[in-house]
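Below you'll find the structure, written out as structure tokens, and then a few comments.
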Amino acid sequence: MTTFEQRLARLEEIAAELDGEQVDLSRALELFEEGIENLRAASEEVARAGARVQRLVERADGSFELDEPNE
Amino acid sequence: MTPPRRRTTRRAESAEPDLFGLTPATHAPPPPEPPRSYISEFIEQVGYPGESARSAVTVSMLTETARDVIEGAFVPIWVRGEISDFKAHRNGHWYFCLRDRNALVRCVVWNRDQFRIPAAPDNGMQVAAFGRLTVYASRGEMQFTIARIEADGDGLRRKALEITRARLEADGLLALERKRPLPRFPRVIAVVTSPDGAALHDIKAVVRRRAANVHLVVVAAAVQGTSAPEELCFALDQINRWGGADVVIVGRGGGAHEDLWAFNDERVARAVAACGVPTISAVGHEIDISICDLVADYRAPTPSAAAEAATRSQAELRRELAQLSSRMASAARASVRSSADRLRHLARDVAAAGNDHVLSRRTQLETIAGRLHALSPVATLARGYAVARDKDGATLDSIAAFRDRMPFELVVRDGVVPAKVSGPRRGSR
């Protein structure tokens with residue numbers, strides 16, 4: 001799964017490559033389309049706001065689970 | 001045989017200790033038919049203990065009795081004095097004297113009581129020590145058994161800090177090169193703190209205000225008191241074993257100096273240093289600097305500031321995306337322009353030769369440029385751009401790619417819409 005951070009990093013790369021000297025036109029278009037797709041996904045992620053708060057609980061067997069805190 | 005006259009002391013009669021385990025009643029004339037006990041037999045034959053050479057008591061009895069008297073006479077108290085002759089014995093106990101101009105008392109701090117004292121005191125330190133007075137019977141000496149020590153000017157805590165700091169520094173744990181950058185967009189933020197403390201409350205408030213899309217995972221630990229260092233270490237260890245956090249905030253809200261002390265504990269500092277993901281330390285208020293702060297990858301002045309450092313607000317993210325988008329669009333336009341210019345020059349150069357090949361490339365270029373132009377105003381794209389794709393995800397960018405009644409999909413800003421070719425295709429050129 002692509003993280004938001006990876007998407008932004010990819011967008012930076014795309015912008016940098018497009019900025020570069022003499023990019024082949026079909027390559028430029030390809031980059032641009034990929035960029036648009038990344039922008040769309042990233043914007044979607046930004047829109048999904050809202051923090052979740054949970055508690056880390058260790059079970060007797062050493063595995064972990066996340067509990068909703070009782071507030 | 002008559003009992004010796006009892007010496008009167010300045011102490012009230014009732015408070016006078018019962019030196020030899022005999023009750024004053026035995027001093028009274030014997031009842032008409034006294035019970036024949038071992039003690040009365042002893043007294044009859046030998047006399048009262050210590051009354052005569054014949055009834056002399058042992059040294060042990062004397063010193064042990066003195067110990068009982070002294071222990072009974074003093075409640076635990078604070079005593080002020082200067083430390084001298086300090087010795088940390090191999091057996092783990094500390095021995096020293098507390099003295100003033102005219103007197104001294106020998107002191108001991110048992111190994112098991114040392115955890116309450118930040119560091120071993122130094123000779124010459126002026127301290128107040130809390131303990132109880134006793135007699136060390138096997139040497140016949142008075143001894144002050146100490147449980148707590150407070151040095152003037154908080155000297156012991158300062159000494160403890162210096163020692164811990166030096167040890168961490170020797171191990172390279174304070175080196176700036178060790179500091180890891182914080183992740184720019186963490187999804188999961190572990191928070192090691194008290195689950196009902198002010199720190200967690202502040203962190204949650206900041207995250208909500210910034211509408212940050214993050215997952216806070218609270219790992220509960222006491223942040224003050226004797227169990228705090230161990231609990232903090234355990235929580236950090238749990239985070240390592242769990243492995244789900246992108247960044248860790250460890251800290252607590254403001255409090256008295258001694259309430260923040262757990263964050264100066266060497267074990268806690270080492271646990272912070274051993275954390276597998278970047279750490280943010282947030283202990284107390286701005287002015288409080290703890291050893292934890294020095295070891296963590298980032299020192300936040302308060303828990304709220306830690307939350308700010310760990311998260312990006314929705315507005316910040318939108319700004320960043322908008323910048324990237326316009327940068328990409330203008331770069332793409334520039335790229336088209338420069339290709340077109342190059343081709344135009346080339347075309348002019350060979351125009352005389354009527355080179356069809358170049359002309360056809362130019363047409364091709366213009367087609368692509370047209371498509372790019374359609375794509376490039378990014379604001380428009382973000383609002384209403386749609387891409388047609390076939391079932392394999394290939395972009396359908398020309399009427400030639402569509403067949404009659406072919407199903408395809410339209411990708412729009414927020415999802416995918418299934419579609420189908422419903423009528424005859426028309427060329428636009």
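Following the order of the structure tokens, chains are lettered A, B, ..., residues in each are numbered from 1, and ligands are numbered from 1.
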Quick check: residues of chain A within 6 Å of chain B, only C-alpha atoms, returned as a PyMOL selection string. chain A and resi 5+15+18-19+40+49-56
Shell of 12 Å around Gly172 (chain B), only C-alpha atoms, local chain residues under 5 positions omitted, as an MDAnalysis selection string: chainID B and resid 165:167 177:179 270 273 294:295
What lies within 6 Å of region 109-115 of chain B using only C-alpha atoms, ignoring chain neighbours under 6 positions off, as number ranges by chain? B: 92-94, 146-147
Would you mind listing what lies within 10 Å of Ala419 (chain B) as a ChimeraX atom specification, with only C-alpha atoms counted and same-chain residues fewer than 6 positions away left out? /B:388-390,405-410
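Between CA of Pro229 (chain B) and CA of Glu308 (chain B) the interatomic distance comes to 25.8 Å.
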I'd like the neighbourhood of region 10-12 of chain A as a PDB file with all heavy atoms, in the first residue's frame, where a residue qualifies if any of its atoms comes within 7 Å (using only C-alpha atoms), though same-chain residues fewer than 4 positions away should be ignored.
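Final output, saved to selection-v4.pdb:
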```pdb
ATOM      1  N   GLN A   6       4.899   8.392   0.559  1.00  0.00           N
ATOM      2  CA  GLN A   6       5.448   7.894  -0.710  1.00  0.00           C
ATOM      3  C   GLN A   6       4.835   8.627  -1.899  1.00  0.00           C
ATOM      4  O   GLN A   6       5.504   8.927  -2.877  1.00  0.00           O
ATOM      5  CB  GLN A   6       5.193   6.388  -0.838  1.00  0.00           C
ATOM      6  CG  GLN A   6       6.076   5.569   0.091  1.00  0.00           C
ATOM      7  CD  GLN A   6       5.591   4.132   0.217  1.00  0.00           C
ATOM      8  OE1 GLN A   6       4.414   3.839   0.056  1.00  0.00           O
ATOM      9  NE2 GLN A   6       6.510   3.235   0.517  1.00  0.00           N
ATOM     10  N   ALA A  16      10.128  17.172 -10.492  1.00  0.00           N
ATOM     11  CA  ALA A  16      11.540  17.419 -10.777  1.00  0.00           C
ATOM     12  C   ALA A  16      11.899  16.928 -12.182  1.00  0.00           C
ATOM     13  O   ALA A  16      12.613  17.604 -12.924  1.00  0.00           O
ATOM     14  CB  ALA A  16      12.411  16.734  -9.726  1.00  0.00           C
ATOM     15  N   GLY A  35       1.222  11.800 -12.225  1.00  0.00           N
ATOM     16  CA  GLY A  35       1.152  12.838 -11.199  1.00  0.00           C
ATOM     17  C   GLY A  35      -0.276  13.149 -10.809  1.00  0.00           C
ATOM     18  O   GLY A  35      -0.607  13.265  -9.632  1.00  0.00           O
ATOM     19  N   ASN A  38      -1.641  10.502  -8.598  1.00  0.00           N
ATOM     20  CA  ASN A  38      -1.107  10.622  -7.246  1.00  0.00           C
ATOM     21  C   ASN A  38      -1.753  11.774  -6.491  1.00  0.00           C
ATOM     22  O   ASN A  38      -2.046  11.658  -5.311  1.00  0.00           O
ATOM     23  CB  ASN A  38       0.407  10.836  -7.296  1.00  0.00           C
ATOM     24  CG  ASN A  38       1.151   9.523  -7.234  1.00  0.00           C
ATOM     25  OD1 ASN A  38       0.993   8.765  -6.300  1.00  0.00           O
ATOM     26  ND2 ASN A  38       1.927   9.248  -8.256  1.00  0.00           N
TER      27      ASN A  38
ATOM     28  N   LEU B 324       2.597  21.349  -5.342  1.00  0.00           N
ATOM     29  CA  LEU B 324       3.139  20.309  -6.203  1.00  0.00           C
ATOM     30  C   LEU B 324       2.384  20.270  -7.511  1.00  0.00           C
ATOM     31  O   LEU B 324       2.964  20.099  -8.585  1.00  0.00           O
ATOM     32  CB  LEU B 324       2.994  18.948  -5.512  1.00  0.00           C
ATOM     33  CG  LEU B 324       4.157  18.560  -4.630  1.00  0.00           C
ATOM     34  CD1 LEU B 324       3.809  17.313  -3.841  1.00  0.00           C
ATOM     35  CD2 LEU B 324       5.384  18.290  -5.507  1.00  0.00           C
TER      36      LEU B 324
END
```
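Taking CA of Ile117 (chain B) as the reference point, CA of Val192 (chain B) is found at 25.5 Å.
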Every residue of chain A that DSSP places in strand (DSSP E), as a PyMOL selection string: chain A and resi 52-58+64-67
Quick one: residues within 10 Å of Gly254 (chain B), only C-alpha atoms, excluding same-chain residues fewer than 3 positions away - as JSON, numbers by chain? {"B": [198, 199, 251, 257, 259, 260, 282, 283, 284, 285, 286, 287, 288, 302, 303]}
Could you save the residues just selected, with C-alpha atoms, as a PDB file, in the first residue's frame?
```pdb
ATOM      1  CA  ALA B 198      -2.782  16.520  31.129  1.00  0.00           C
ATOM      2  CA  ALA B 199      -0.242  15.565  28.459  1.00  0.00           C
ATOM      3  CA  GLY B 251       6.295  12.748  28.214  1.00  0.00           C
ATOM      4  CA  HIS B 257      10.816  19.178  39.954  1.00  0.00           C
ATOM      5  CA  ASP B 259       7.541  14.820  39.823  1.00  0.00           C
ATOM      6  CA  LEU B 260       9.512  15.040  36.576  1.00  0.00           C
ATOM      7  CA  ALA B 282       7.859  16.320  25.895  1.00  0.00           C
ATOM      8  CA  VAL B 283       8.450  16.676  29.598  1.00  0.00           C
ATOM      9  CA  GLY B 284       6.784  19.398  31.614  1.00  0.00           C
ATOM     10  CA  HIS B 285       6.985  23.016  30.540  1.00  0.00           C
ATOM     11  CA  GLU B 286       9.441  24.900  28.395  1.00  0.00           C
ATOM     12  CA  ILE B 287      11.950  25.476  31.159  1.00  0.00           C
ATOM     13  CA  ASP B 288      12.163  21.865  32.246  1.00  0.00           C
ATOM     14  CA  THR B 302       5.449  20.825  25.896  1.00  0.00           C
ATOM     15  CA  PRO B 303       3.189  17.880  25.023  1.00  0.00           C
TER      16      PRO B 303
END
```
Run DSSP on the backbone and grab whatever in region 145-278 of chain B lands in alpha helix (DSSP H); send it over as a count of residues only. 51
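With distances restricted to only C-alpha atoms, B:Ser281 is the closest residue to Thr193 (chain B) from B:Ser281, B:Thr311, B:Gln126, B:Thr145.
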Selected residue, from B:Val105, B:Ala88, B:Met142, B:Leu174, that lies nearest to Glu71 (chain B) when counting only C-alpha atoms: B:Met142
